[in-house]
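Notes for the one structure printed next.
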Amino acid sequence: MEFHQHYDPIGNAFLSTLLAAVPILTLLYLLALHPHKDKLGKKHYGISAPKAALIAAIVTVFMAIWLVDMPVSSAIAAFGYGSFFGLMPIGWIVVAAMFLYTITLVGGQFDIVKSSVVQLSSDRRIQTLLIAFSFGAFIEGAAGFGTPVAIAGALMAGLGFRPLVAAVLCLIANTAPVAYGALGTPIITLANVTGLPEMALSAMAGRQLPFFSILVPFWLIATMVFMHKGKWKQVWEIWPAIVVTGASFAITQFAVSNYVGPMLVDIIAGIISLIALVLLLKVWQPKNKFYLPGEEEEIQSLEKQTSLYTSGQVAKAWAPWAILTLFVFLWGLPQWKNLLNSIHLFGIKSLYAIPVPFLDKLVFRGPPLVTETVPEAAIYNFNWLSAAGTGVFFAAVLSGLFLRLDKDQWKQSVVRTAQRMKTPLITIALVLGLGYTTRYSGLDAILGLAFTKTGVFYPFFAAMIGWLGVFLTGSDTSSNALFGSMQTITAKQLGLDPVLIAASNSTGGVMGKMIDAQSIVVATAACYENRTEGANAVGPIFRAVFFHSIALAALMGILVMLQAYVFPWMIPSY
């Protein structure tokens, strides 16, 4: 049964928009604001993530059926499609990353990793720049889709950062690199859906995001310091490290995006940033070290222990993370993916492209989102071998073999990972099911279209549409696929440069990455050993990052306004 999306089902744009927002508002209220008391009678705000996601998912399916007349079969199919996508590939990435991390713990190597990091710098601010920003950016460039938050979050939690702090910092750090994540997939997708030159879109994003690549490290350290009741002085104490980290990344990001293309931007910029900071630390260290509350004696003890480990022991401890980096990079290469997708093992294909029943080519998107009515594809690609999570899993297995884990250690690694991931996987599946239902029903399009009536202020709201798209779908790529064409059409109608406006969908969208439920659940899975604590932490984490997200998105909107009306020379010619 065909379904044509309706963008004003009530016949009143305001009421249609308000009702379309009900599923998202329900999820936000339950995660962040709904009051409840624990067993000890202490009041908390926000219920556990699985319960909130389940209730919001039911509301979403109901609104899709009732408000926009989506067939019941299509609504359920969209939810199922999203849920399966949540488990594979998203959930698989997190499971594999946690498996590798657990192997290093069980194998007894993570203590050496901690000591070697302390030897480089025991200052927690420096460690945040190294892991959350620079290393996270490299992983984003190679794999994307939640991988940097999962890996960097696990590393920081293992180094002793409080789970809430580690999660918040990794989410904030994973912003400026996102538009070029997974070998430039968001920009490449944007070019495909808009028909605009890929190189022009890459260059335009590369003339917006470098400003934030310099700003975000400052923002990141300020957030960390103030989360521990510090002062501005403690932020400015490490300004050389912040400037070197951000500027080296920003300059490389601009150069590669403008003169090479979108695929290698984050990979090269992340490596350059990491190397630049390490080299700086060889000749400069902050005078006053920043420690977490109550850990000064432990850190000093670790500093003394570093001399106990040989270079060979340190290399062995870091080997799993080096193997991980290699496999993540390899699995991100299109040529390698294509090779893996062509493999057949014992009659089993490595890629199954499954049209989703009751959904594929039965949902039609129409103007003003696109120029003419087109059917929406719904193909579930079960690429079990070429999925990024499989690369991480192989890295984990190889690491375990390299570390010579015995039978009991392998069993312990598997059991601990399984126990830790059960609740996050359920939540990720529910959240992605919710997101796909809003996408195929057109509820998210109704919300996005509300911003197109802002006239001269549209450049500002173009960035906010991207922010909304990532918040709703959990992906800059998905946001570009959803709103890219609409942004281009609206830009032409208003006499604005379509490359500027289309690119702002992606660059504004990166600021929504930290508050999408998928990313937050991935962060809790990576940072919280206790799955119950992790499920209850989604609301507090959302409340902690929401201001940062909206503020950074607004700043991007202001930059787009300036480029549209004051500095049009910043727009690349094409």
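How things are named: the first chain in the structure tokens is A, the next is B, and so on; residues count from 1 in each chain; ligands count from 1 in the order shown.
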- Message: With only C-alpha atoms as the counted atoms, please give the residues lying no more than 12 Å from A:Glu533, apart from itself and same-chain residues fewer than 3 positions off, as an NGL selection string.
- Response: :A and (47-49 or 163-164 or 420 or 423-424 or 521 or 524-525 or 527-530 or 536-541)
Pull N, CA and C atoms from the residues just selected and write them as a PDB file, in the first residue's frame.
```pdb
ATOM      1  N   ILE A  47      13.723   9.088  33.626  1.00  0.00           N
ATOM      2  CA  ILE A  47      13.643   7.663  33.904  1.00  0.00           C
ATOM      3  C   ILE A  47      14.720   6.937  33.091  1.00  0.00           C
ATOM      4  N   SER A  48      14.862   5.625  33.311  1.00  0.00           N
ATOM      5  CA  SER A  48      15.915   4.877  32.641  1.00  0.00           C
ATOM      6  C   SER A  48      15.695   4.912  31.126  1.00  0.00           C
ATOM      7  N   ALA A  49      16.785   4.852  30.385  1.00  0.00           N
ATOM      8  CA  ALA A  49      16.739   4.990  28.929  1.00  0.00           C
ATOM      9  C   ALA A  49      15.861   3.933  28.244  1.00  0.00           C
ATOM     10  N   PRO A 163      32.561   8.313  34.822  1.00  0.00           N
ATOM     11  CA  PRO A 163      31.804   7.950  33.620  1.00  0.00           C
ATOM     12  C   PRO A 163      31.015   9.106  33.013  1.00  0.00           C
ATOM     13  N   LEU A 164      30.335   9.888  33.863  1.00  0.00           N
ATOM     14  CA  LEU A 164      29.551  11.012  33.363  1.00  0.00           C
ATOM     15  C   LEU A 164      30.446  12.027  32.668  1.00  0.00           C
ATOM     16  N   ARG A 420      27.540  -6.319  30.083  1.00  0.00           N
ATOM     17  CA  ARG A 420      27.582  -4.854  30.009  1.00  0.00           C
ATOM     18  C   ARG A 420      26.712  -4.316  28.879  1.00  0.00           C
ATOM     19  N   THR A 423      21.613  -4.111  28.109  1.00  0.00           N
ATOM     20  CA  THR A 423      20.694  -2.972  28.214  1.00  0.00           C
ATOM     21  C   THR A 423      20.946  -1.902  27.152  1.00  0.00           C
ATOM     22  N   PRO A 424      22.200  -1.503  26.895  1.00  0.00           N
ATOM     23  CA  PRO A 424      22.437  -0.517  25.834  1.00  0.00           C
ATOM     24  C   PRO A 424      21.945  -0.964  24.468  1.00  0.00           C
ATOM     25  N   VAL A 521      23.491   6.983  24.244  1.00  0.00           N
ATOM     26  CA  VAL A 521      23.433   5.596  24.708  1.00  0.00           C
ATOM     27  C   VAL A 521      24.766   4.896  24.449  1.00  0.00           C
ATOM     28  N   THR A 524      27.121   5.975  27.159  1.00  0.00           N
ATOM     29  CA  THR A 524      26.884   5.315  28.453  1.00  0.00           C
ATOM     30  C   THR A 524      27.382   3.875  28.421  1.00  0.00           C
ATOM     31  N   ALA A 525      27.202   3.208  27.278  1.00  0.00           N
ATOM     32  CA  ALA A 525      27.680   1.828  27.168  1.00  0.00           C
ATOM     33  C   ALA A 525      29.195   1.767  27.297  1.00  0.00           C
ATOM     34  N   CYS A 527      31.208   4.066  28.809  1.00  0.00           N
ATOM     35  CA  CYS A 527      31.781   4.673  30.008  1.00  0.00           C
ATOM     36  C   CYS A 527      31.304   4.052  31.317  1.00  0.00           C
ATOM     37  N   TYR A 528      30.178   3.357  31.298  1.00  0.00           N
ATOM     38  CA  TYR A 528      29.612   2.811  32.536  1.00  0.00           C
ATOM     39  C   TYR A 528      29.756   1.295  32.561  1.00  0.00           C
ATOM     40  N   GLU A 529      30.478   0.797  33.534  1.00  0.00           N
ATOM     41  CA  GLU A 529      30.616  -0.650  33.714  1.00  0.00           C
ATOM     42  C   GLU A 529      29.296  -1.257  34.169  1.00  0.00           C
ATOM     43  N   ASN A 530      28.601  -0.539  35.062  1.00  0.00           N
ATOM     44  CA  ASN A 530      27.317  -0.999  35.583  1.00  0.00           C
ATOM     45  C   ASN A 530      26.205  -0.587  34.619  1.00  0.00           C
ATOM     46  N   ASN A 536      20.443   4.728  33.622  1.00  0.00           N
ATOM     47  CA  ASN A 536      19.923   5.887  34.356  1.00  0.00           C
ATOM     48  C   ASN A 536      20.696   7.170  34.073  1.00  0.00           C
ATOM     49  N   ALA A 537      21.844   7.037  33.411  1.00  0.00           N
ATOM     50  CA  ALA A 537      22.698   8.208  33.178  1.00  0.00           C
ATOM     51  C   ALA A 537      22.348   8.960  31.899  1.00  0.00           C
ATOM     52  N   VAL A 538      21.507   8.389  31.044  1.00  0.00           N
ATOM     53  CA  VAL A 538      21.196   9.025  29.763  1.00  0.00           C
ATOM     54  C   VAL A 538      20.597  10.410  29.966  1.00  0.00           C
ATOM     55  N   GLY A 539      19.649  10.527  30.901  1.00  0.00           N
ATOM     56  CA  GLY A 539      19.032  11.827  31.174  1.00  0.00           C
ATOM     57  C   GLY A 539      20.022  12.862  31.678  1.00  0.00           C
ATOM     58  N   PRO A 540      20.798  12.545  32.719  1.00  0.00           N
ATOM     59  CA  PRO A 540      21.796  13.508  33.194  1.00  0.00           C
ATOM     60  C   PRO A 540      22.804  13.914  32.122  1.00  0.00           C
ATOM     61  N   ILE A 541      23.208  12.975  31.294  1.00  0.00           N
ATOM     62  CA  ILE A 541      24.153  13.319  30.229  1.00  0.00           C
ATOM     63  C   ILE A 541      23.492  14.248  29.219  1.00  0.00           C
TER      64      ILE A 541
END
```
- Message: Taking 6 positions as the minimum chain separation for residues in the same chain, which residues sit within 10 Å of A:Tyr259 when counting only C-alpha atoms? Answer as a ChimeraX atom specification.
- Response: /A:199,202-203,206
Okay, now the selection with C-alpha atoms, as a short mmCIF file (atom, residue, chain, number, x, y, z; two decimals), in the first residue's frame?
```
data_model
loop_
_atom_site.label_atom_id
_atom_site.label_comp_id
_atom_site.auth_asym_id
_atom_site.auth_seq_id
_atom_site.Cartn_x
_atom_site.Cartn_y
_atom_site.Cartn_z
CA MET A 199 34.37 19.37 -4.04
CA SER A 202 33.70 19.88 0.88
CA ALA A 203 35.43 23.26 0.49
CA GLY A 206 36.07 23.42 5.22
#
```
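Taking atom CA of A:Ala395 as the reference point, atom CA of A:Ala96 is found at 8.8 Å.
With atom CA of A:Ala463 on one side and atom CA of A:Ser519 on the other, the separation reads 19.8 Å.
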- Query: Taking only C-alpha atoms into account, which of A:Gly495, A:Gly448, A:Pro262, A:Gly508 comes nearest A:Phe483?
  - Reply: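 Looking at the shortest contact to A:Phe483, the residue is A:Gly448.
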